[in-house]
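Report on one structure; see the data block that follows.
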Amino acid sequence: MTAFVIGDAAVTNTLDPKSIPIVHDSAAGWQPDPQHPRRRPPWIKVRAPGGETYARVHELVRQKTLNTVCEEALCPNLGECWGRGTATFLMMGDTCTRSCGFCDIKTGRPSPLDWAEPNRIAETVRAMNLRHVVITSVNRDERADGGAPIFAMVIRRIRQLQPGCSIEVLIPDFKGSRDALKIVMDAQPEILNHNVETVPRLFKRVQPQDRYEWAMAVLETAKQMDPLVLTKSGIMLGLGETLDEVLAVMRDLAARGVDILTIGQYLQPSRRHLPVERFWLPDEFEQLKRAGLEMGFKWVESGPLVRSSYRADEQVRELSRLNYIHLRQESAANQPT
């Protein structure tokens, strides 16, 4: 089996918690302002949407009556990603059955599933000539399967219409349902992503209907079902977590064989959402990246504006999609007939 070589192989420094400054009122003159939640430190700069490619992606999404998490979650990287011709498609409507305190997607009773949606997404992927696509969804807790069949359908349809396009699915926790997860895993996505989002102590405040145990079970079970799948998870910083708590979550993920980790700064969408407790410094993100690589993650994307799908195409390319497919074919060839 070929080993993955990611990042700087010479990384040897161990993260010293004492080396990361705890940000108080002197943090570059920037602290969260409850009266102005959109005021941000000077190192958080967002590119304004625009350009020919951005306009083309926008038009395709509208023509196919699709949703993107880029828009629904007010992603700060929308301009950059759409300008590069990439997008994260949001399936199963624009209404979520959960009420997470950080998310700008609306909560309520969702509409019935649209079983033609996977085909429309696949057609858009083909029209955009994507080589890598990210698919996610709202939570559909009113269904026992959490909408897992829709994920399987879109994976298989994209493979039919756009052969060679690698697929990342950012899935809900399905309330820990192994049966629902198996439906997705049987379709064999290249990357299986589920974000833990925050530390255990803050779960009830940040995502009251979620459980830390469900998140860890999804990632661990996915590897058991398909040892060749690349698993991925993400953490937000700035909700009141401590450095030790963040490192503990990272160790939990590493222990479950998670390959890719994303770490980003939480930005309050509006006053009705959870406030930012503090802005972590760029140097802190860099030190957490080094710590993650030492823990064994194959890829760590860590920075103030990093989001789960940020540069996902680069991640799968760097982790060698062709090698991954070769390993899967090799494994299948070794199975008894």
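Identifiers in this document derive from the order of the structure tokens: chains are assigned A, B, ..., residues are numbered from 1 separately in each chain, and ligands are numbered from 1 in order of occurrence.
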
Write down as a VMD selection string the residues of segment 140-240 of chain A whose backbone DSSP state falls under alpha helix (DSSP H). chain A and resid 148 to 161 178 to 185 203 to 206 212 to 225

Take the residues just selected and output them with C-alpha atoms as a compact mmCIF listing (two decimals), in the first residue's frame.
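Printed below is selection_10.txt as written:
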# COMPACT_ATOMS: atom_id res chain seq x y z
CA ALA A 148 -29.63 8.90 3.30
CA PRO A 149 -31.11 7.47 0.05
CA ILE A 150 -30.86 10.92 -1.56
CA PHE A 151 -27.12 10.95 -0.89
CA ALA A 152 -26.72 7.51 -2.45
CA MET A 153 -28.77 8.56 -5.47
CA VAL A 154 -26.76 11.71 -6.17
CA ILE A 155 -23.42 9.88 -5.83
CA ARG A 156 -24.46 7.23 -8.34
CA ARG A 157 -26.01 9.74 -10.77
CA ILE A 158 -22.92 11.96 -10.77
CA ARG A 159 -20.81 8.89 -11.56
CA GLN A 160 -23.07 8.20 -14.54
CA LEU A 161 -23.11 11.73 -15.95
CA ARG A 178 -25.79 2.56 11.27
CA ASP A 179 -28.39 1.53 8.70
CA ALA A 180 -28.68 5.08 7.33
CA LEU A 181 -24.91 5.46 7.16
CA LYS A 182 -24.58 2.14 5.31
CA ILE A 183 -26.90 3.41 2.57
CA VAL A 184 -24.45 6.26 1.91
CA MET A 185 -21.31 4.14 2.28
CA PHE A 203 -22.66 20.75 22.43
CA LYS A 204 -25.96 21.45 24.17
CA ARG A 205 -25.51 25.18 23.74
CA VAL A 206 -24.17 25.17 20.19
CA TYR A 212 -20.86 14.23 20.42
CA GLU A 213 -21.16 10.45 20.52
CA TRP A 214 -23.19 10.41 17.29
CA ALA A 215 -20.54 12.47 15.49
CA MET A 216 -17.72 10.17 16.58
CA ALA A 217 -19.74 7.06 15.76
CA VAL A 218 -20.40 8.25 12.19
CA LEU A 219 -16.70 8.77 11.49
CA GLU A 220 -15.55 5.58 13.18
CA THR A 221 -18.22 3.38 11.60
CA ALA A 222 -17.58 4.82 8.12
CA LYS A 223 -13.98 3.61 8.34
CA GLN A 224 -15.13 0.20 9.51
CA MET A 225 -17.54 -0.09 6.59

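One distance worth recording is that between atom CA of Pro227 of chain A and atom CA of Asp186 of chain A, which is 12.5 Å.
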
DSSP strand (DSSP E or B) residues within segment 47-263 of chain A, as an NGL selection string: :A and (67-68 or 88-91 or 95-96 or 106-107 or 132-137 or 166-170 or 191-193 or 197 or 230-237 or 260-263)

Could you take the residues named above and write them with C-alpha atoms, as an mmCIF file, in the first residue's frame?
data_model
loop_
_atom_site.group_PDB
_atom_site.id
_atom_site.type_symbol
_atom_site.label_atom_id
_atom_site.label_comp_id
_atom_site.auth_asym_id
_atom_site.auth_seq_id
_atom_site.Cartn_x
_atom_site.Cartn_y
_atom_site.Cartn_z
ATOM 1 C CA ASN A 67 -29.639 25.278 -3.101
ATOM 2 C CA THR A 68 -26.031 25.775 -2.091
ATOM 3 C CA THR A 88 -21.147 22.873 -2.287
ATOM 4 C CA PHE A 89 -24.669 21.740 -3.120
ATOM 5 C CA LEU A 90 -27.264 21.685 -0.336
ATOM 6 C CA MET A 91 -29.836 18.924 -0.778
ATOM 7 C CA THR A 95 -35.238 24.131 5.921
ATOM 8 C CA CYS A 96 -33.517 22.117 8.672
ATOM 9 C CA LYS A 106 -33.709 28.298 8.688
ATOM 10 C CA THR A 107 -35.352 25.816 11.050
ATOM 11 C CA HIS A 132 -14.577 17.256 -7.619
ATOM 12 C CA VAL A 133 -17.908 18.087 -6.004
ATOM 13 C CA VAL A 134 -19.116 18.496 -2.415
ATOM 14 C CA ILE A 135 -22.674 17.471 -1.517
ATOM 15 C CA THR A 136 -24.315 18.236 1.820
ATOM 16 C CA SER A 137 -27.829 18.555 3.188
ATOM 17 C CA SER A 166 -14.556 12.655 -7.198
ATOM 18 C CA ILE A 167 -17.346 13.112 -4.674
ATOM 19 C CA GLU A 168 -17.299 14.370 -1.098
ATOM 20 C CA VAL A 169 -20.450 14.063 0.978
ATOM 21 C CA LEU A 170 -20.891 16.158 4.117
ATOM 22 C CA ILE A 191 -14.654 11.488 1.039
ATOM 23 C CA LEU A 192 -17.113 10.976 3.916
ATOM 24 C CA ASN A 193 -17.351 14.178 5.938
ATOM 25 C CA GLU A 197 -18.292 21.484 15.054
ATOM 26 C CA LEU A 230 -11.188 9.245 3.265
ATOM 27 C CA THR A 231 -12.941 10.555 6.369
ATOM 28 C CA LYS A 232 -13.067 14.221 7.283
ATOM 29 C CA SER A 233 -14.325 16.441 10.103
ATOM 30 C CA GLY A 234 -14.231 20.075 11.163
ATOM 31 C CA ILE A 235 -14.179 22.280 14.265
ATOM 32 C CA MET A 236 -15.217 25.930 14.744
ATOM 33 C CA LEU A 237 -13.289 28.152 17.137
ATOM 34 C CA ILE A 260 -8.740 15.343 6.940
ATOM 35 C CA LEU A 261 -9.364 18.042 9.561
ATOM 36 C CA THR A 262 -10.627 21.594 9.023
ATOM 37 C CA ILE A 263 -10.387 24.298 11.701
#

Name the closest residue to Gln188 of chain A among the candidates A:Val306, A:Asp226, A:Met295, A:Val125; distances are taken between atoms, counting only C-alpha atoms. A:Asp226

With only C-alpha atoms as the counted atoms, please give the residues lying no more than 8 Å from Gln162 of chain A, apart from itself and same-chain residues fewer than 6 positions off, as a PyMOL selection string. chain A and resi 122+125-126+129-130

Would you output that residue set with N, CA and C atoms, as a CSV table (one decimal), in the first residue's frame?
chain,number,residue,atom,x,y,z
A,122,ALA,N,-26.6,16.4,-10.6
A,122,ALA,CA,-25.6,15.7,-11.5
A,122,ALA,C,-25.5,16.4,-12.8
A,125,VAL,N,-23.4,19.4,-12.3
A,125,VAL,CA,-21.9,19.0,-12.1
A,125,VAL,C,-21.3,18.8,-13.5
A,126,ARG,N,-22.1,18.1,-14.4
A,126,ARG,CA,-21.7,17.9,-15.8
A,126,ARG,C,-21.5,19.2,-16.5
A,129,ASN,N,-18.5,20.9,-15.6
A,129,ASN,CA,-17.4,20.0,-15.9
A,129,ASN,C,-16.5,19.9,-14.6
A,130,LEU,N,-17.1,19.6,-13.5
A,130,LEU,CA,-16.4,19.5,-12.2
A,130,LEU,C,-15.6,18.2,-12.2

Find the distance between atom CA of Ala255 of chain A and atom CA of Val229 of chain A and write it in Å to one decimal. 15.8 Å

For each of A:Met92, A:Gln209, A:Arg272, A:Arg201, take the minimum atom-to-atom distance to Ile121 of chain A, counting only C-alpha atoms, then give the residue where this is smallest.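 When distances to Ile121 of chain A are compared using only C-alpha atoms, the smallest one comes from A:Met92.
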
Here is a test: counting only C-alpha atoms, which residue of A:Glu286, A:Gln268, A:His194, A:Leu305 is nearest to Leu253 of chain A?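 Under the stated criterion, the closest residue is A:His194.
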
For a test of reading the model, state the distance in Å between atom CA of Asp145 of chain A and atom CA of Cys100 of chain A, rounded to one decimal.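 If I compute the distance from atom CA of Asp145 of chain A to atom CA of Cys100 of chain A, I get 20.4 Å.
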